[in-house]
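Text of the file protein24.cif, holding mmCIF, C-alpha atoms:
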data_model
loop_
_atom_site.label_atom_id
_atom_site.label_comp_id
_atom_site.auth_asym_id
_atom_site.auth_seq_id
_atom_site.Cartn_x
_atom_site.Cartn_y
_atom_site.Cartn_z
CA MET L 24 -66.81 -2.15 -1.95
CA LEU L 25 -70.31 -1.01 -0.98
CA LYS L 26 -69.90 -2.40 2.54
CA SER L 27 -66.61 -0.54 2.84
CA LEU L 28 -68.18 2.72 1.67
CA LEU L 29 -71.02 2.30 4.14
CA ARG L 30 -68.60 1.20 6.89
CA TYR L 31 -70.56 -2.03 7.31
CA GLN L 32 -68.13 -3.75 9.62
CA SER L 33 -67.82 -4.62 13.28
CA ASP L 34 -64.52 -3.13 14.42
CA GLY L 35 -64.91 -4.09 18.08
CA LEU L 36 -64.54 -0.50 19.26
CA SER L 37 -66.56 0.90 22.14
CA MET L 38 -68.82 3.92 21.66
CA SER L 39 -66.27 6.25 23.27
CA GLU L 40 -63.50 4.87 21.06
CA LYS L 41 -65.65 5.37 17.94
CA HIS L 42 -66.40 8.96 18.92
CA MET L 43 -62.72 9.57 19.59
CA ARG L 44 -61.79 8.13 16.19
CA LYS L 45 -64.41 10.31 14.47
CA LYS L 46 -63.13 13.37 16.31
CA LEU L 47 -59.56 12.67 15.24
CA TYR L 48 -60.76 12.15 11.69
CA GLU L 49 -62.65 15.47 11.70
CA ASN L 50 -59.66 17.33 13.16
CA GLY L 51 -57.43 15.80 10.50
CA VAL L 52 -59.75 17.05 7.74
CA THR L 53 -59.94 20.53 9.28
CA ASN L 54 -56.16 20.78 9.66
CA SER L 55 -55.59 19.52 6.11
CA LEU L 56 -57.92 22.17 4.72
CA GLN L 57 -56.16 24.90 6.68
CA ASN L 58 -52.69 23.71 5.65
CA ASN L 59 -53.71 23.35 1.99
CA PHE L 60 -55.85 26.46 1.63
CA ALA L 61 -53.29 28.05 -0.71
CA LEU L 62 -53.53 25.00 -3.00
CA LEU L 63 -57.34 25.14 -2.95
CA LEU L 64 -57.28 28.83 -3.84
CA LYS L 65 -54.72 28.23 -6.59
CA LEU L 66 -56.81 25.49 -8.24
CA SER L 67 -59.95 27.64 -7.95
CA GLU L 68 -58.20 30.58 -9.61
CA GLU L 69 -56.82 28.32 -12.36
CA LEU L 70 -60.38 27.23 -13.16
CA LEU L 71 -61.50 30.87 -13.09
CA ASP L 72 -58.76 31.83 -15.55
CA LYS L 73 -59.82 29.00 -17.84
CA TRP L 74 -63.45 30.13 -17.80
CA LEU L 75 -62.45 33.78 -18.29
CA SER L 76 -60.67 32.77 -21.50
CA PHE L 77 -63.88 31.32 -22.98
CA PRO L 78 -66.03 33.38 -25.36
CA GLU L 79 -69.45 34.12 -23.86
CA THR L 80 -71.16 31.84 -26.36
CA GLN L 81 -69.09 28.79 -25.45
CA HIS L 82 -70.91 26.02 -23.59
CA VAL L 83 -69.01 24.87 -20.48
CA PRO L 84 -69.24 21.15 -19.49
CA LEU L 85 -69.87 21.84 -15.81
CA SER L 86 -69.89 18.27 -14.44
CA GLN L 87 -66.62 17.47 -16.19
CA HIS L 88 -64.88 20.58 -14.89
CA MET L 89 -66.14 20.13 -11.33
CA LEU L 90 -65.02 16.49 -11.18
CA GLY L 91 -61.59 17.42 -12.50
CA PHE L 92 -61.27 20.26 -9.98
CA ALA L 93 -62.32 18.03 -7.06
CA MET L 94 -60.04 15.16 -8.10
CA LYS L 95 -57.02 17.47 -8.38
CA PHE L 96 -57.53 18.90 -4.92
CA VAL L 97 -58.57 15.74 -3.05
CA THR L 98 -55.80 13.50 -4.40
CA ARG L 99 -53.10 16.07 -3.71
CA LEU L 100 -54.55 16.79 -0.28
CA VAL L 101 -54.78 13.13 0.79
CA MET L 102 -51.73 11.62 -0.87
CA GLY L 103 -49.21 14.43 -0.85
CA SER L 104 -45.58 13.82 -1.76
CA THR L 105 -45.24 10.84 0.61
CA PHE L 106 -47.00 8.56 -1.86
CA GLU L 107 -44.69 9.32 -4.78
CA ASP L 108 -42.28 6.60 -3.57
CA ASP L 109 -43.38 2.93 -3.87
CA GLN L 110 -41.49 1.81 -0.78
CA GLU L 111 -43.10 4.54 1.29
CA VAL L 112 -46.54 3.28 0.23
CA VAL L 113 -45.71 -0.34 1.16
CA GLN L 114 -44.28 0.68 4.53
CA PHE L 115 -47.24 2.93 5.28
CA GLN L 116 -49.69 0.12 4.48
CA LYS L 117 -47.89 -2.24 6.89
CA ASN L 118 -47.85 0.25 9.75
CA HIS L 119 -51.05 2.22 9.19
CA GLY L 120 -53.48 0.00 7.26
CA THR L 121 -56.61 1.43 8.86
CA ILE L 122 -55.52 5.00 8.22
CA LEU L 123 -54.81 4.16 4.59
CA GLU L 124 -58.26 2.57 4.19
CA ASP L 125 -59.91 5.64 5.74
CA SER L 126 -57.86 7.85 3.41
CA MET L 127 -59.03 5.94 0.33
CA ILE L 128 -62.68 6.10 1.47
CA PHE L 129 -62.30 9.82 2.13
CA SER L 130 -60.69 10.35 -1.28
CA LEU L 131 -63.63 8.73 -3.07
CA ALA L 132 -66.42 10.12 -0.90
CA GLY L 133 -64.85 13.57 -0.53
CA CYS L 134 -64.18 13.85 -4.25
CA MET L 135 -67.68 12.81 -5.35
CA LEU L 136 -69.51 14.91 -2.74
CA THR L 137 -67.41 17.98 -3.54
CA ALA L 138 -67.79 17.63 -7.31
CA LYS L 139 -71.55 17.08 -7.16
CA LEU L 140 -72.16 19.81 -4.58
CA CYS L 141 -70.24 22.32 -6.72
CA THR L 142 -72.07 21.14 -9.84
CA TRP L 143 -75.57 21.42 -8.37
CA ALA L 144 -74.84 24.73 -6.61
CA ILE L 145 -73.78 26.30 -9.91
CA CYS L 146 -76.72 24.71 -11.73
CA PHE L 147 -79.18 26.27 -9.29
CA LEU L 148 -77.40 29.64 -9.43
CA THR L 149 -77.71 29.72 -13.22
CA THR L 150 -81.49 29.33 -12.91
CA SER L 151 -81.92 31.62 -9.86
CA GLU L 152 -80.84 35.11 -10.89
CA GLU L 153 -81.88 36.75 -7.62
CA VAL L 154 -80.02 34.17 -5.51
CA GLN L 155 -76.87 34.63 -7.58
CA LYS L 156 -77.18 38.42 -7.24
CA ARG L 157 -77.44 38.21 -3.45
CA LEU L 158 -74.53 35.78 -3.27
CA TYR L 159 -72.38 38.13 -5.34
CA GLU L 160 -73.31 41.05 -3.08
CA GLU L 161 -72.30 39.08 0.02
CA ILE L 162 -69.00 37.99 -1.56
CA ASP L 163 -68.27 41.58 -2.64
CA GLN L 164 -69.12 42.91 0.84
CA VAL L 165 -66.92 40.36 2.64
CA PHE L 166 -63.89 40.34 0.32
CA GLY L 167 -64.13 43.62 -1.63
CA LYS L 168 -61.07 43.82 -3.87
CA GLY L 169 -59.06 41.71 -1.44
CA PRO L 170 -58.18 38.00 -1.63
CA VAL L 171 -60.28 35.06 -0.45
CA THR L 172 -58.97 34.07 2.99
CA PRO L 173 -59.83 31.26 5.46
CA GLU L 174 -60.87 33.80 8.09
CA LYS L 175 -63.30 35.66 5.86
CA ILE L 176 -65.06 32.65 4.31
CA GLU L 177 -66.54 32.02 7.76
CA GLN L 178 -68.50 35.27 7.29
CA LEU L 179 -70.31 34.01 4.17
CA ARG L 180 -73.58 33.15 5.87
CA TYR L 181 -75.75 33.39 2.77
CA CYS L 182 -73.31 31.22 0.82
CA ARG L 183 -73.72 28.51 3.45
CA GLN L 184 -77.50 28.82 3.10
CA VAL L 185 -77.12 28.38 -0.66
CA LEU L 186 -75.08 25.22 -0.17
CA CYS L 187 -77.49 23.78 2.41
CA GLU L 188 -80.41 24.42 0.08
CA THR L 189 -78.42 22.83 -2.74
CA VAL L 190 -77.98 19.67 -0.67
CA ARG L 191 -81.69 19.63 0.12
CA THR L 192 -83.12 20.50 -3.30
CA ALA L 193 -80.77 18.19 -5.23
CA LYS L 194 -81.19 15.44 -2.60
CA LEU L 195 -77.41 15.18 -2.78
CA THR L 196 -77.27 11.95 -0.77
CA PRO L 197 -80.72 10.37 -1.22
CA VAL L 198 -79.83 7.34 0.90
CA SER L 199 -77.53 6.89 3.87
CA ALA L 200 -76.67 3.94 6.06
CA ARG L 201 -75.52 3.50 9.62
CA LEU L 202 -74.82 0.57 11.90
CA GLN L 203 -77.12 0.54 14.92
CA ASP L 204 -74.76 1.03 17.88
CA ILE L 205 -77.31 -0.14 20.45
CA GLU L 206 -80.55 -2.06 20.26
CA GLY L 207 -83.38 0.20 19.15
CA LYS L 208 -87.15 0.02 18.89
CA ILE L 209 -89.70 1.58 16.54
CA ASP L 210 -93.27 0.85 17.64
CA GLN L 211 -93.32 -2.95 18.11
CA PHE L 212 -90.25 -3.55 15.92
CA ILE L 213 -86.85 -4.27 17.50
CA ILE L 214 -83.69 -3.16 15.70
CA PRO L 215 -80.84 -5.38 16.95
CA ARG L 216 -77.41 -3.95 17.64
CA GLU L 217 -75.12 -3.82 14.57
CA THR L 218 -78.05 -3.87 12.16
CA LEU L 219 -77.36 -1.88 8.99
CA VAL L 220 -80.12 0.76 8.92
CA LEU L 221 -80.90 2.55 5.65
CA TYR L 222 -82.29 6.10 5.77
CA ALA L 223 -84.44 7.39 2.88
CA LEU L 224 -83.09 10.94 3.11
CA GLY L 225 -84.37 11.84 -0.34
CA VAL L 226 -87.94 11.45 0.90
CA VAL L 227 -87.36 13.40 4.11
CA LEU L 228 -85.55 16.26 2.37
CA GLN L 229 -88.61 17.09 0.28
CA ASP L 230 -91.36 16.26 2.76
CA PRO L 231 -93.89 19.12 2.45
CA ASN L 232 -94.74 18.77 6.15
CA THR L 233 -91.20 19.86 6.98
CA TRP L 234 -90.25 21.98 3.98
CA PRO L 235 -92.87 24.43 2.63
CA LEU L 236 -92.76 24.51 -1.21
CA PRO L 237 -90.24 21.64 -1.11
CA TYR L 238 -89.33 21.74 -4.82
CA LYS L 239 -88.47 25.45 -4.79
CA PHE L 240 -84.81 26.44 -4.49
CA ASP L 241 -84.99 28.92 -1.60
CA PRO L 242 -81.82 29.48 0.49
CA ASP L 243 -83.75 31.88 2.75
CA ARG L 244 -85.44 28.92 4.43
CA PHE L 245 -82.11 28.22 6.17
CA ASP L 246 -82.16 31.64 7.80
CA ASP L 247 -84.45 30.01 10.37
CA GLU L 248 -82.55 28.42 13.27
CA SER L 249 -85.17 25.68 13.70
CA VAL L 250 -84.69 24.66 10.06
CA MET L 251 -80.95 24.39 10.62
CA LYS L 252 -81.60 22.14 13.63
CA THR L 253 -83.79 19.87 11.49
CA PHE L 254 -81.08 19.79 8.83
CA SER L 255 -78.46 18.98 11.45
CA SER L 256 -80.53 16.09 12.83
CA LEU L 257 -80.43 14.53 9.34
CA GLY L 258 -76.62 14.62 9.35
CA PHE L 259 -76.14 17.54 6.93
CA SER L 260 -74.88 20.13 9.39
CA GLY L 261 -73.55 20.56 12.93
CA PHE L 262 -72.36 17.70 15.12
CA GLN L 263 -73.86 14.95 12.94
CA GLU L 264 -72.22 16.28 9.76
CA CYS L 265 -69.80 13.78 8.21
CA PRO L 266 -66.20 14.97 7.61
CA GLU L 267 -66.52 14.47 3.84
CA LEU L 268 -69.53 16.81 3.65
CA ARG L 269 -67.83 19.37 5.88
CA PHE L 270 -64.89 19.22 3.49
CA ALA L 271 -67.22 19.69 0.50
CA TYR L 272 -68.86 22.74 2.10
CA VAL L 273 -65.50 24.49 2.59
CA VAL L 274 -64.18 23.68 -0.89
CA SER L 275 -67.46 24.72 -2.54
CA THR L 276 -67.49 28.00 -0.59
CA VAL L 277 -64.01 28.90 -1.80
CA LEU L 278 -64.75 27.93 -5.39
CA LEU L 279 -68.04 29.86 -5.50
CA SER L 280 -66.34 32.90 -3.95
CA VAL L 281 -63.68 32.90 -6.65
CA LEU L 282 -66.05 32.26 -9.57
CA VAL L 283 -69.04 34.45 -8.61
CA LYS L 284 -66.73 37.35 -7.74
CA ARG L 285 -65.66 37.61 -11.40
CA LEU L 286 -68.32 35.82 -13.45
CA HIS L 287 -72.00 35.72 -14.20
CA LEU L 288 -73.04 32.05 -14.25
CA LEU L 289 -75.69 31.56 -16.94
CA SER L 290 -77.94 28.75 -18.10
CA VAL L 291 -78.02 27.44 -21.67
CA GLU L 292 -81.38 28.24 -23.24
CA GLY L 293 -83.54 25.13 -23.48
CA HIS L 294 -81.15 22.96 -21.46
CA ILE L 295 -82.79 21.01 -18.62
CA PHE L 296 -80.84 19.54 -15.71
CA GLU L 297 -82.24 16.02 -15.33
CA THR L 298 -81.38 14.05 -12.18
CA LYS L 299 -79.72 10.67 -11.73
CA TYR L 300 -80.09 9.23 -8.21
CA GLU L 301 -77.16 7.14 -6.93
CA LEU L 302 -75.17 7.17 -3.68
CA VAL L 303 -74.47 10.79 -4.64
CA THR L 304 -77.00 12.50 -6.90
CA SER L 305 -75.72 13.81 -10.22
CA PRO L 306 -77.08 15.29 -13.46
CA ARG L 307 -78.18 12.47 -15.80
CA GLU L 308 -76.32 14.03 -18.72
CA GLU L 309 -73.60 16.65 -18.91
CA ALA L 310 -74.68 19.93 -17.29
CA TRP L 311 -73.97 22.74 -19.75
CA ILE L 312 -73.69 26.39 -18.74
CA THR L 313 -72.20 29.60 -20.12
CA VAL L 314 -70.32 32.37 -18.34
CA SER L 315 -69.77 36.09 -18.84
CA LYS L 316 -67.31 38.48 -17.18
CA ARG L 317 -68.46 40.86 -14.44
CA TYR L 318 -65.34 42.98 -15.02
#
Starting from the file, lay out its structure as structure tokens.
Amino acid sequence: MLKSLLRYQSDGLSMSEKHMRKKLYENGVTNSLQNNFALLLKLSEELLDKWLSFPETQHVPLSQHMLGFAMKFVTRLVMGSTFEDDQEVVQFQKNHGTILEDSMIFSLAGCMLTAKLCTWAICFLTTSEEVQKRLYEEIDQVFGKGPVTPEKIEQLRYCRQVLCETVRTAKLTPVSARLQDIEGKIDQFIIPRETLVLYALGVVLQDPNTWPLPYKFDPDRFDDESVMKTFSSLGFSGFQECPELRFAYVVSTVLLSVLVKRLHLLSVEGHIFETKYELVTSPREEAWITVSKRY
């Protein structure tokens, strides 16, 4: 299972064929998000309505709610109505086995990345009053009293900075792996082709030589274009960004827009968000928050 998640396999494809496959995969994710935006907005508003119904003193199990939200959207996005019929599933597996495998990997990776990104973003917002205030002001300026739309979410520049800083501060994916496409060399060491290379991203993401005050949650650092280039080179933005993370960014942007527009996100006094490092970083215990209505 781990090898499958890390794509540790020799598929015999050339570099150009691999890039073409990745491009098709990315386009598929982008098109699916566009075609299912109404569903994403509906699920976000359902969660908002649920939170609006809570008394202000009620503790909200954030991790549980974010995982449920992500699972609902990802499974319905990937599977759709085609997979309601057993014979359709069998026939699809016979004809499109590789696509089905990619879909299952995306379902797992996309769901976990989305749930944890949403969880950590809200955690940091509850402890960063000024950041939450600025995010609300941007959301209010872009959407006003109107609906959240695919065209307008592209204008949420500060929201993207918040999400990038969330990925960095939480060390969302502390380790990554990639097969070496060609033979490489570091000093006197040779890295043979098709070697599985592990990257200690958690160390790099909080290296004080790259990130001043590395343990401070500061979205403004991503207002610097050179910082974004560094982030992109690590695979968290731009051309190197994996489709699952791109998916998580869009879903998180929509959810935060819907929630922050109507709610103050508040921390529970005395509650500390402890970290558990795995393939995707998560809170060690349930992350509890409270909410109050803006209007």
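Each of L:Asp243, L:Thr53, L:Lys284, L:Leu279 was checked against Gly167 in chain L using all atoms listed in the file; the smallest atom-to-atom distance is that of L:Lys284.
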- Task: Within 9 Å of Phe270 in chain L, counting only C-alpha atoms, which residues show up once you throw out same-chain ones fewer than 5 positions away? Write them as a PyMOL selection string, please.
- Result: chain L and resi 52-53+56+133+136-137+265+275
- Message: Using only C-alpha atoms, which protein or nucleic acid residues come within 7 Å of Thr196 in chain L? Drop anything in the same chain fewer than 2 positions from it, and give the result as an MDAnalysis selection string.
- Response: chainID L and resid 194 198:199 302:304
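With CA of Glu292 in chain L on one side and CA of Ala144 in chain L on the other, the separation reads 18.2 Å.
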- Item | L:Ser315, L:Ser67, L:Gln87, L:Thr218 ranked by distance to Ser280 in chain L, top pick (using all atoms listed in the file) | L:Ser67
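Those residues returned by the PyMOL selection byres ((chain L and resi 187) around 9) for this file are Cys182, Arg183, Gln184, Val185, Leu186, Glu188, Thr189, Val190, Arg191, Thr192, Pro242, Phe245, Met251, Phe254, Phe259, Ser260 and Tyr272 of chain L.
Using only C-alpha atoms, the smallest distance between any of L:Phe92, L:Trp311, L:Tyr159, L:Trp234 and Val250 in chain L comes from L:Trp234.
Computed from the coordinates, the CA of Glu206 in chain L to CA of Lys46 in chain L distance equals 23.6 Å.
This file gives the following result for the PyMOL selection byres ((chain L and resi 293-296) around 7): L:Val291, L:Glu292, L:Glu297, L:Thr298, L:Pro306, L:Ala310.
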Would you save the residues of that selection, restricted to C-alpha atoms, as an mmCIF file, in the coordinates of the input?
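Below is the file out.cif, written as the result:
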data_model
loop_
_atom_site.group_PDB
_atom_site.id
_atom_site.type_symbol
_atom_site.label_atom_id
_atom_site.label_comp_id
_atom_site.auth_asym_id
_atom_site.auth_seq_id
_atom_site.Cartn_x
_atom_site.Cartn_y
_atom_site.Cartn_z
ATOM 1 C CA VAL L 291 -78.020 27.440 -21.670
ATOM 2 C CA GLU L 292 -81.380 28.240 -23.240
ATOM 3 C CA GLU L 297 -82.240 16.020 -15.330
ATOM 4 C CA THR L 298 -81.380 14.050 -12.180
ATOM 5 C CA PRO L 306 -77.080 15.290 -13.460
ATOM 6 C CA ALA L 310 -74.680 19.930 -17.290
#
- Message: Please compute the CA of Asp163 in chain L-CA of Cys141 in chain L distance, one decimal, in Å.
- Response: 19.8 Å
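Ranking L:Leu202, L:Leu63, L:Leu148, L:Leu288 by their shortest atom-to-atom distance to Val220 in chain L, with only C-alpha atoms included, puts L:Leu202 first.
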Residues matched by the PyMOL selection byres ((chain L and resi 165) around 8), written as an mmCIF file with C-alpha atoms, in the frame of the given file:
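New file result.cif:
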data_model
loop_
_atom_site.group_PDB
_atom_site.id
_atom_site.type_symbol
_atom_site.label_atom_id
_atom_site.label_comp_id
_atom_site.auth_asym_id
_atom_site.auth_seq_id
_atom_site.Cartn_x
_atom_site.Cartn_y
_atom_site.Cartn_z
ATOM 1 C CA GLU L 161 -72.300 39.080 0.020
ATOM 2 C CA ILE L 162 -69.000 37.990 -1.560
ATOM 3 C CA ASP L 163 -68.270 41.580 -2.640
ATOM 4 C CA GLN L 164 -69.120 42.910 0.840
ATOM 5 C CA PHE L 166 -63.890 40.340 0.320
ATOM 6 C CA GLY L 167 -64.130 43.620 -1.630
ATOM 7 C CA LYS L 175 -63.300 35.660 5.860
ATOM 8 C CA GLN L 178 -68.500 35.270 7.290
ATOM 9 C CA LEU L 179 -70.310 34.010 4.170
#
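The residue that comes closest to Leu71 in chain L, out of L:Met89, L:Leu282, L:Val314, L:Ala138 and on the basis of only C-alpha atoms, is L:Leu282.
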- Query: Residues at most 9 Å from Pro235 in chain L, counting all atoms listed in the file, excluding those fewer than 5 positions away in the same chain, as a PyMOL selection string?
  - Reply: chain L and resi 229-230+244
- Message: I need the residue nearest Asp246 in chain L from this list: L:Leu66, L:Arg180, L:Arg285, L:Thr233. Use all atoms listed in the file for the distance.
- Response: L:Arg180
- Task: Take the point (-50.5, 22.7, -2.2) in the file's coordinates, draw a sphere of radius 12 Å around it, and report as a PyMOL selection string every protein, DNA or RNA residue with an atom inside or on it, counting only C-alpha atoms.
- Result: chain L and resi 55-66+95-104
- Item | Long-range neighbours of Thr313 in chain L as a PyMOL selection string, 7 Å cut-off, all atoms listed in the file, 3 positions minimum in chain | chain L and resi 79-83+288-291
